[in-house]
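Input: a single structure, listed below in structure tokens.
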Amino acid sequence: MKVFLDTNILIDFLSDRCLFSKLAKEVLMVLEKNENLYFYSSTHSYATTLLVLKKVTPELALREKLLKLSDLVTVLV
């Protein structure tokens, strides 16, 4: 099954936005355990996530997290 991760899921996963962060982490944990799931996101979602979160997170650390996430998520151009 193919699943698209939008900007909100990326932001929730990479930040601690109350209850939403926990749910986003659970979604991505399913990816690691299930080989029949394929996760996708867009370059626009990545760019917007970087723009929003760099206000509260050091940019270098944020870029490293997004790069690491790219190992699990196919980024669509």
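Convention: chains lettered A, B, ... in structure tokens order; per-chain residue numbering from 1; ligands numbered from 1 as shown.
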
- Mind checking which residues fall within 9 Å of Ser42 (chain A), counting only C-alpha atoms, ignoring those fewer than 6 positions away in the same chain, and posting them as a ChimeraX atom specification? /A:4-7,74-77

- Near-Asn34 (chain A) list (12 Å; only C-alpha atoms; drop same-chain fewer than 4 positions) as a count of residues only: 9

- Between CA of Tyr40 (chain A) and CA of Ala24 (chain A) - distance in Å to one decimal: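 Pair CA of Ala24 (chain A) / CA of Tyr40 (chain A) returns 14.2 Å.
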
- Contacts of Ala47 (chain A) at 12 Å or less, counting only C-alpha atoms, minus same-chain residues fewer than 2 places along, as a list in words?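 The filter keeps Asp6, Thr7, Leu10, Ile11, Ser41, Ser42, Thr43, His44, Ser45, Thr49, Leu50, Leu51, Val52, Leu53, Lys54, Glu59, Leu62, Arg63, Leu66, Leu67, Val75 and Val77 of chain A.
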
- Task: Step one, run DSSP on the backbone; step two, keep only residues of chain A assigned to helix (DSSP H, G or I); then write them as an MDAnalysis selection string.
- Result: chainID A and resid 7:14 18:33 43:53 59:69

- Please, what distance in Å, to one decimal, runs between CA of Ala61 (chain A) and CA of Asn8 (chain A)?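 So the answer is 18.9 Å.
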
- Query: DSSP says strand (DSSP E or B) for which residues of chain A? Put them as a PyMOL selection string?
  - Reply: chain A and resi 2-4+38-42+73-76

For the selection you just gave me, I'd like the residues written to a file as a PDB file, in the first residue's frame, keeping N, CA and C atoms.
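Written out: part36.pdb:
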ATOM      1  N   LYS A   2       0.462   2.263  -0.701  1.00  0.00           N
ATOM      2  CA  LYS A   2       1.192   3.526  -0.782  1.00  0.00           C
ATOM      3  C   LYS A   2       0.529   4.550   0.136  1.00  0.00           C
ATOM      4  N   VAL A   3       1.367   5.258   0.905  1.00  0.00           N
ATOM      5  CA  VAL A   3       0.871   6.262   1.842  1.00  0.00           C
ATOM      6  C   VAL A   3       1.644   7.551   1.615  1.00  0.00           C
ATOM      7  N   PHE A   4       0.913   8.663   1.500  1.00  0.00           N
ATOM      8  CA  PHE A   4       1.553   9.960   1.307  1.00  0.00           C
ATOM      9  C   PHE A   4       1.599  10.686   2.649  1.00  0.00           C
ATOM     10  N   TYR A  38       4.592   1.583   1.502  1.00  0.00           N
ATOM     11  CA  TYR A  38       5.553   2.485   0.872  1.00  0.00           C
ATOM     12  C   TYR A  38       5.123   3.911   1.194  1.00  0.00           C
ATOM     13  N   PHE A  39       6.017   4.645   1.830  1.00  0.00           N
ATOM     14  CA  PHE A  39       5.709   6.006   2.234  1.00  0.00           C
ATOM     15  C   PHE A  39       6.341   6.997   1.283  1.00  0.00           C
ATOM     16  N   TYR A  40       5.560   8.009   0.924  1.00  0.00           N
ATOM     17  CA  TYR A  40       5.994   9.047  -0.006  1.00  0.00           C
ATOM     18  C   TYR A  40       5.726  10.412   0.606  1.00  0.00           C
ATOM     19  N   SER A  41       6.496  11.376   0.170  1.00  0.00           N
ATOM     20  CA  SER A  41       6.263  12.769   0.513  1.00  0.00           C
ATOM     21  C   SER A  41       6.749  13.598  -0.670  1.00  0.00           C
ATOM     22  N   SER A  42       6.499  14.888  -0.627  1.00  0.00           N
ATOM     23  CA  SER A  42       6.907  15.739  -1.743  1.00  0.00           C
ATOM     24  C   SER A  42       8.059  16.650  -1.326  1.00  0.00           C
ATOM     25  N   VAL A  73      11.380   7.307   3.558  1.00  0.00           N
ATOM     26  CA  VAL A  73      10.324   7.932   2.747  1.00  0.00           C
ATOM     27  C   VAL A  73      10.878   8.287   1.374  1.00  0.00           C
ATOM     28  N   THR A  74      10.154   7.924   0.350  1.00  0.00           N
ATOM     29  CA  THR A  74      10.523   8.332  -1.010  1.00  0.00           C
ATOM     30  C   THR A  74      10.021   9.750  -1.240  1.00  0.00           C
ATOM     31  N   VAL A  75      10.947  10.635  -1.583  1.00  0.00           N
ATOM     32  CA  VAL A  75      10.585  12.033  -1.807  1.00  0.00           C
ATOM     33  C   VAL A  75      10.302  12.220  -3.298  1.00  0.00           C
ATOM     34  N   LEU A  76       9.083  12.642  -3.593  1.00  0.00           N
ATOM     35  CA  LEU A  76       8.638  12.822  -4.966  1.00  0.00           C
ATOM     36  C   LEU A  76       8.963  14.238  -5.443  1.00  0.00           C
TER      37      LEU A  76
END
